[in-house]
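Report on the following structure.
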Amino acid sequence: MSETMQALVVLEPNRFEIQEVPVPVPGRNEVLCRVRAVSICGTDVHLVRGDYPGFWPPAFPFTPGHEWAGEIVALGAGSEGYGWAIGDRVAGTSHDACGVCQKCVEGRYNLCENYGKPGLHKQYGHNVQGADATYVVQGIKTVFRLPAGLSFAEGAVIDPASIALHVANRGGVRPGDTVAITGAGAIGLLSADASLVRGAARVILVERVPGRLAKAAELGFETVDSSQGDPVATVRALTGGLGVDVVLECAGVPATVQLALGMLRRGGRCAAVGIPTVGVEIAMQRLVLDELELVGCRATAGEMRHVMPLVEQGRIRVREVMTHRFALADYGAALATFNDPASGAIKIVIEP
Ligand SMILES: [Zn+2]
Ligand SMILES: [Zn+2]
């Protein structure tokens, strides 16, 4: 194996290039993987733009990428004992938590109390180097066996699919519920499928980009064009004036958070996964008097294994949200396509 590889290196906000860099070496309980597919996430766009200074990433230069699949090519010490072998096909996720703090012990490793502490916690492609490269090293807690029926490209969308399942789980969607989803990007569309898996009777996608509305309709969901009139009034009209049982907020801008709360039926629950970059004013009177619930959703917490059979069975439709493929060398074009609302891009898969 060669000692160098290609990697996307972001030198400073909005300036990046493909560089020849050393292949990383796996440490204890880590594996080196050949990355076969890695998908672009909305978070990657923020990282490249420098929207979270000093946090994601802590410093430049930086290699993003956290939604990927590939195969194990080298084992760090200890990983064989946990059953891993060279050639295993895997899908990766980002949180390599400490495994020891109380949140980790309770299974909520996405809330690890040692987040970002050197030697205790890593989040690949966020606070340590990611998978936009020919190879990546990750801890064995963060790789999951990819079923033979799933391609590497599908494997690269398992992490966001697991997040979508986490959002529907946090939303507490129950059989027969009416669910509204704000934002019909990848997480919104996959959360719509996850809501159906949990038994939702109706799922309404609220979105303003025409291509995404068309995709949501093509997948069989009801749609509301939020650029036309008052989307809260439209959703209420669709629900006999009452509002919806659950809203999954997948857009992450202040206006949609407010719309999401406005659409809720009395006693309803909003699970938010979009991360606004600024504060949001909340109508607290209504939240208190109508006993609304607003919960956050961070990444995924145990859903990686659960989501794969659902994807294999076509119940969470990842192939349908994969719109473009690019080589790593064409990352600039891939990012431009992702950022262009007219491109119809939802999930873009890079094949390093
Ligand atoms: Zn992501
Ligand atoms: Zn922990």
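Going by the structure tokens order, chains are called A, B, ..., each with residues numbered from 1, while ligands are numbered from 1 in the order shown.
Around ligand 1, the neighbouring residues within 8 Å, taking only C-alpha atoms and all ligand atoms, come to Ile40, Cys41, Gly42, Thr43, Asp44, His66, Glu67, Asp159, Pro160 and Ala299 of chain A.
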Check your understanding: Quick one: residues within 8 Å of ligand 2, with only C-alpha atoms and all ligand atoms, as JSON, numbers by chain?
Key -> {"A": [97, 98, 99, 100, 101, 102, 103, 104, 105, 109, 111, 112, 113, 114, 115, 120, 121]}
Okay, now the selection with N, CA, C and O atoms, as a PDB file, in the first residue's frame?
ATOM      1  N   ALA A  97     -17.356   8.294  21.041  1.00  0.00           N
ATOM      2  CA  ALA A  97     -17.489   8.813  22.403  1.00  0.00           C
ATOM      3  C   ALA A  97     -16.612   8.035  23.382  1.00  0.00           C
ATOM      4  O   ALA A  97     -16.087   6.975  23.049  1.00  0.00           O
ATOM      5  N   CYS A  98     -16.503   8.552  24.626  1.00  0.00           N
ATOM      6  CA  CYS A  98     -15.555   7.971  25.581  1.00  0.00           C
ATOM      7  C   CYS A  98     -15.981   6.573  26.007  1.00  0.00           C
ATOM      8  O   CYS A  98     -15.147   5.740  26.338  1.00  0.00           O
ATOM      9  N   GLY A  99     -17.301   6.309  26.036  1.00  0.00           N
ATOM     10  CA  GLY A  99     -17.792   4.986  26.421  1.00  0.00           C
ATOM     11  C   GLY A  99     -17.838   4.761  27.917  1.00  0.00           C
ATOM     12  O   GLY A  99     -18.282   3.700  28.365  1.00  0.00           O
ATOM     13  N   VAL A 100     -17.409   5.738  28.709  1.00  0.00           N
ATOM     14  CA  VAL A 100     -17.238   5.536  30.145  1.00  0.00           C
ATOM     15  C   VAL A 100     -18.082   6.515  30.980  1.00  0.00           C
ATOM     16  O   VAL A 100     -18.550   6.168  32.063  1.00  0.00           O
ATOM     17  N   CYS A 101     -18.318   7.718  30.480  1.00  0.00           N
ATOM     18  CA  CYS A 101     -19.090   8.701  31.266  1.00  0.00           C
ATOM     19  C   CYS A 101     -20.529   8.197  31.427  1.00  0.00           C
ATOM     20  O   CYS A 101     -20.940   7.251  30.765  1.00  0.00           O
ATOM     21  N   GLN A 102     -21.310   8.813  32.291  1.00  0.00           N
ATOM     22  CA  GLN A 102     -22.665   8.322  32.571  1.00  0.00           C
ATOM     23  C   GLN A 102     -23.557   8.359  31.337  1.00  0.00           C
ATOM     24  O   GLN A 102     -24.369   7.473  31.122  1.00  0.00           O
ATOM     25  N   LYS A 103     -23.437   9.395  30.505  1.00  0.00           N
ATOM     26  CA  LYS A 103     -24.272   9.463  29.291  1.00  0.00           C
ATOM     27  C   LYS A 103     -23.922   8.309  28.359  1.00  0.00           C
ATOM     28  O   LYS A 103     -24.813   7.692  27.766  1.00  0.00           O
ATOM     29  N   CYS A 104     -22.640   8.011  28.198  1.00  0.00           N
ATOM     30  CA  CYS A 104     -22.236   6.877  27.354  1.00  0.00           C
ATOM     31  C   CYS A 104     -22.769   5.572  27.938  1.00  0.00           C
ATOM     32  O   CYS A 104     -23.317   4.739  27.217  1.00  0.00           O
ATOM     33  N   VAL A 105     -22.637   5.402  29.255  1.00  0.00           N
ATOM     34  CA  VAL A 105     -23.096   4.174  29.912  1.00  0.00           C
ATOM     35  C   VAL A 105     -24.601   4.003  29.716  1.00  0.00           C
ATOM     36  O   VAL A 105     -25.103   2.895  29.541  1.00  0.00           O
ATOM     37  N   TYR A 109     -24.479   8.137  23.826  1.00  0.00           N
ATOM     38  CA  TYR A 109     -23.095   8.539  23.554  1.00  0.00           C
ATOM     39  C   TYR A 109     -23.008   9.796  22.703  1.00  0.00           C
ATOM     40  O   TYR A 109     -21.964  10.442  22.639  1.00  0.00           O
ATOM     41  N   LEU A 111     -24.302  12.393  23.538  1.00  0.00           N
ATOM     42  CA  LEU A 111     -24.230  13.463  24.542  1.00  0.00           C
ATOM     43  C   LEU A 111     -23.032  13.258  25.467  1.00  0.00           C
ATOM     44  O   LEU A 111     -23.028  13.748  26.606  1.00  0.00           O
ATOM     45  N   CYS A 112     -22.024  12.529  24.988  1.00  0.00           N
ATOM     46  CA  CYS A 112     -20.835  12.216  25.807  1.00  0.00           C
ATOM     47  C   CYS A 112     -20.367  13.432  26.605  1.00  0.00           C
ATOM     48  O   CYS A 112     -20.198  14.525  26.063  1.00  0.00           O
ATOM     49  N   GLU A 113     -20.172  13.216  27.909  1.00  0.00           N
ATOM     50  CA  GLU A 113     -19.772  14.326  28.774  1.00  0.00           C
ATOM     51  C   GLU A 113     -18.314  14.717  28.587  1.00  0.00           C
ATOM     52  O   GLU A 113     -17.868  15.735  29.123  1.00  0.00           O
ATOM     53  N   ASN A 114     -17.597  13.919  27.815  1.00  0.00           N
ATOM     54  CA  ASN A 114     -16.200  14.262  27.517  1.00  0.00           C
ATOM     55  C   ASN A 114     -16.035  14.730  26.074  1.00  0.00           C
ATOM     56  O   ASN A 114     -14.956  14.607  25.504  1.00  0.00           O
ATOM     57  N   TYR A 115     -17.116  15.292  25.506  1.00  0.00           N
ATOM     58  CA  TYR A 115     -17.103  15.727  24.112  1.00  0.00           C
ATOM     59  C   TYR A 115     -15.865  16.568  23.794  1.00  0.00           C
ATOM     60  O   TYR A 115     -15.598  17.567  24.464  1.00  0.00           O
ATOM     61  N   LEU A 120     -10.173  11.310  24.789  1.00  0.00           N
ATOM     62  CA  LEU A 120     -11.411  10.741  25.332  1.00  0.00           C
ATOM     63  C   LEU A 120     -12.538  10.687  24.312  1.00  0.00           C
ATOM     64  O   LEU A 120     -13.338   9.755  24.310  1.00  0.00           O
ATOM     65  N   HIS A 121     -12.639  11.678  23.473  1.00  0.00           N
ATOM     66  CA  HIS A 121     -13.765  11.761  22.543  1.00  0.00           C
ATOM     67  C   HIS A 121     -13.327  12.390  21.232  1.00  0.00           C
ATOM     68  O   HIS A 121     -12.554  13.343  21.218  1.00  0.00           O
TER      69      HIS A 121
END
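Compared by their closest atoms to Val246 in chain A, and using only C-alpha atoms, the residues A:Pro22, A:Gly302, A:Pro231, A:Pro175 rank with A:Pro175 nearest.
Of the residues listed (A:Arg265, A:Arg298, A:Arg28, A:His166), A:Arg28 shows the shortest atom-to-atom separation from Gly119 in chain A; distances use only C-alpha atoms.
In terms of minimum interatomic distance to Trp68 in chain A, A:Ile348 ranks closest within A:Ile348, A:Ser227, A:Ala336, A:Val235, counting only C-alpha atoms.
Candidate residues A:Asn14, A:Leu150, A:Gly107, A:Val247 were compared for distance to Asp51 in chain A, and the nearest is A:Asn14, using only C-alpha atoms.
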Practice item. Work out how far apart CA of Lys122 in chain A and CA of Val25 in chain A are and give it in Å to one decimal. Key: 15.9 Å
Review point. What residues in range 88-221 of chain A get the DSSP label strand (DSSP E)? Please answer as an MDAnalysis selection string.
Key: chainID A and resid 89:92 95:96 122:123 135:139 143:145 178:182 202:207
With N, CA, C and O atoms retained, could you export that selection as an mmCIF file, in the first residue's frame?
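Saved file selection_39.cif follows:
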data_model
loop_
_atom_site.group_PDB
_atom_site.id
_atom_site.type_symbol
_atom_site.label_atom_id
_atom_site.label_comp_id
_atom_site.auth_asym_id
_atom_site.auth_seq_id
_atom_site.Cartn_x
_atom_site.Cartn_y
_atom_site.Cartn_z
ATOM 1 N N ARG A 89 -16.766 -4.970 5.069
ATOM 2 C CA ARG A 89 -17.427 -3.779 4.514
ATOM 3 C C ARG A 89 -18.148 -3.064 5.654
ATOM 4 O O ARG A 89 -18.881 -3.701 6.428
ATOM 5 N N VAL A 90 -17.952 -1.754 5.736
ATOM 6 C CA VAL A 90 -18.518 -1.011 6.874
ATOM 7 C C VAL A 90 -19.134 0.321 6.431
ATOM 8 O O VAL A 90 -18.767 0.882 5.397
ATOM 9 N N ALA A 91 -20.065 0.806 7.245
ATOM 10 C CA ALA A 91 -20.579 2.174 7.127
ATOM 11 C C ALA A 91 -20.129 2.911 8.380
ATOM 12 O O ALA A 91 -20.172 2.356 9.481
ATOM 13 N N GLY A 92 -19.683 4.155 8.209
ATOM 14 C CA GLY A 92 -19.150 4.916 9.341
ATOM 15 C C GLY A 92 -20.134 5.946 9.853
ATOM 16 O O GLY A 92 -21.034 6.391 9.147
ATOM 17 N N HIS A 95 -19.638 10.069 15.858
ATOM 18 C CA HIS A 95 -19.314 10.237 17.291
ATOM 19 C C HIS A 95 -18.524 9.062 17.858
ATOM 20 O O HIS A 95 -19.072 7.977 18.055
ATOM 21 N N ASP A 96 -17.241 9.256 18.130
ATOM 22 C CA ASP A 96 -16.435 8.238 18.809
ATOM 23 C C ASP A 96 -16.328 8.673 20.268
ATOM 24 O O ASP A 96 -15.387 9.351 20.681
ATOM 25 N N LYS A 122 -13.870 11.820 20.125
ATOM 26 C CA LYS A 122 -13.622 12.405 18.800
ATOM 27 C C LYS A 122 -14.934 12.465 18.060
ATOM 28 O O LYS A 122 -15.783 11.586 18.232
ATOM 29 N N GLN A 123 -15.083 13.467 17.206
ATOM 30 C CA GLN A 123 -16.183 13.434 16.237
ATOM 31 C C GLN A 123 -15.552 13.623 14.856
ATOM 32 O O GLN A 123 -15.142 14.731 14.478
ATOM 33 N N TYR A 135 -8.422 7.193 2.279
ATOM 34 C CA TYR A 135 -8.466 6.337 3.475
ATOM 35 C C TYR A 135 -8.890 7.169 4.682
ATOM 36 O O TYR A 135 -8.684 8.371 4.722
ATOM 37 N N VAL A 136 -9.446 6.479 5.683
ATOM 38 C CA VAL A 136 -9.758 7.149 6.944
ATOM 39 C C VAL A 136 -9.495 6.158 8.078
ATOM 40 O O VAL A 136 -9.671 4.943 7.896
ATOM 41 N N VAL A 137 -9.056 6.682 9.225
ATOM 42 C CA VAL A 137 -8.945 5.869 10.441
ATOM 43 C C VAL A 137 -10.111 6.232 11.346
ATOM 44 O O VAL A 137 -10.365 7.415 11.582
ATOM 45 N N GLN A 138 -10.850 5.222 11.795
ATOM 46 C CA GLN A 138 -11.903 5.489 12.790
ATOM 47 C C GLN A 138 -11.887 4.419 13.880
ATOM 48 O O GLN A 138 -11.441 3.284 13.665
ATOM 49 N N GLY A 139 -12.414 4.777 15.038
ATOM 50 C CA GLY A 139 -12.560 3.835 16.147
ATOM 51 C C GLY A 139 -13.605 2.792 15.812
ATOM 52 O O GLY A 139 -14.564 3.088 15.078
ATOM 53 N N VAL A 143 -17.817 2.179 13.390
ATOM 54 C CA VAL A 143 -18.043 1.488 12.112
ATOM 55 C C VAL A 143 -19.027 0.343 12.338
ATOM 56 O O VAL A 143 -19.034 -0.305 13.380
ATOM 57 N N PHE A 144 -19.884 0.150 11.340
ATOM 58 C CA PHE A 144 -20.978 -0.824 11.444
ATOM 59 C C PHE A 144 -20.965 -1.685 10.191
ATOM 60 O O PHE A 144 -20.796 -1.167 9.088
ATOM 61 N N ARG A 145 -21.136 -2.986 10.376
ATOM 62 C CA ARG A 145 -21.121 -3.908 9.239
ATOM 63 C C ARG A 145 -22.189 -3.554 8.231
ATOM 64 O O ARG A 145 -23.367 -3.452 8.581
ATOM 65 N N THR A 178 -50.443 12.304 12.643
ATOM 66 C CA THR A 178 -50.161 13.178 11.498
ATOM 67 C C THR A 178 -48.881 13.944 11.823
ATOM 68 O O THR A 178 -48.764 14.555 12.888
ATOM 69 N N VAL A 179 -47.920 13.869 10.896
ATOM 70 C CA VAL A 179 -46.593 14.451 11.115
ATOM 71 C C VAL A 179 -46.333 15.496 10.038
ATOM 72 O O VAL A 179 -46.602 15.250 8.859
ATOM 73 N N ALA A 180 -45.823 16.664 10.432
ATOM 74 C CA ALA A 180 -45.331 17.638 9.454
ATOM 75 C C ALA A 180 -43.822 17.703 9.576
ATOM 76 O O ALA A 180 -43.273 17.550 10.674
ATOM 77 N N ILE A 181 -43.160 17.889 8.445
ATOM 78 C CA ILE A 181 -41.701 17.986 8.439
ATOM 79 C C ILE A 181 -41.318 19.270 7.729
ATOM 80 O O ILE A 181 -41.735 19.506 6.586
ATOM 81 N N THR A 182 -40.568 20.125 8.434
ATOM 82 C CA THR A 182 -40.124 21.376 7.813
ATOM 83 C C THR A 182 -38.746 21.137 7.214
ATOM 84 O O THR A 182 -37.801 20.799 7.918
ATOM 85 N N ARG A 202 -50.219 10.109 8.263
ATOM 86 C CA ARG A 202 -50.013 11.150 7.251
ATOM 87 C C ARG A 202 -48.691 11.849 7.517
ATOM 88 O O ARG A 202 -48.354 12.126 8.671
ATOM 89 N N VAL A 203 -47.979 12.156 6.444
ATOM 90 C CA VAL A 203 -46.732 12.921 6.568
ATOM 91 C C VAL A 203 -46.781 14.066 5.551
ATOM 92 O O VAL A 203 -46.982 13.842 4.360
ATOM 93 N N ILE A 204 -46.646 15.290 6.061
ATOM 94 C CA ILE A 204 -46.742 16.493 5.223
ATOM 95 C C ILE A 204 -45.367 17.168 5.196
ATOM 96 O O ILE A 204 -44.830 17.541 6.246
ATOM 97 N N LEU A 205 -44.784 17.313 4.006
ATOM 98 C CA LEU A 205 -43.487 17.972 3.864
ATOM 99 C C LEU A 205 -43.693 19.448 3.543
ATOM 100 O O LEU A 205 -44.413 19.778 2.601
ATOM 101 N N VAL A 206 -43.067 20.318 4.345
ATOM 102 C CA VAL A 206 -43.179 21.765 4.152
ATOM 103 C C VAL A 206 -41.829 22.265 3.647
ATOM 104 O O VAL A 206 -40.802 22.073 4.314
ATOM 105 N N GLU A 207 -41.822 22.880 2.474
ATOM 106 C CA GLU A 207 -40.553 23.202 1.806
ATOM 107 C C GLU A 207 -40.818 24.318 0.799
ATOM 108 O O GLU A 207 -41.956 24.490 0.353
#
**Study point:** CA of Lys141 in chain A to CA of Ser2 in chain A, straight-line distance in Å
**Key:** 26.5 Å
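For the set A:Asp132, A:Glu222, A:Glu293, A:Glu281, the residue with the smallest atom-to-atom gap to Gly172 in chain A is A:Glu293, counting only C-alpha atoms.
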Review point. DSSP on the backbone: what in range 141-304 of chain A comes out alpha helix (DSSP H), as a ChimeraX atom specification?
Key: /A:152-155,158-171,186-197,210-218,231-238,254-263,284-289,303-304
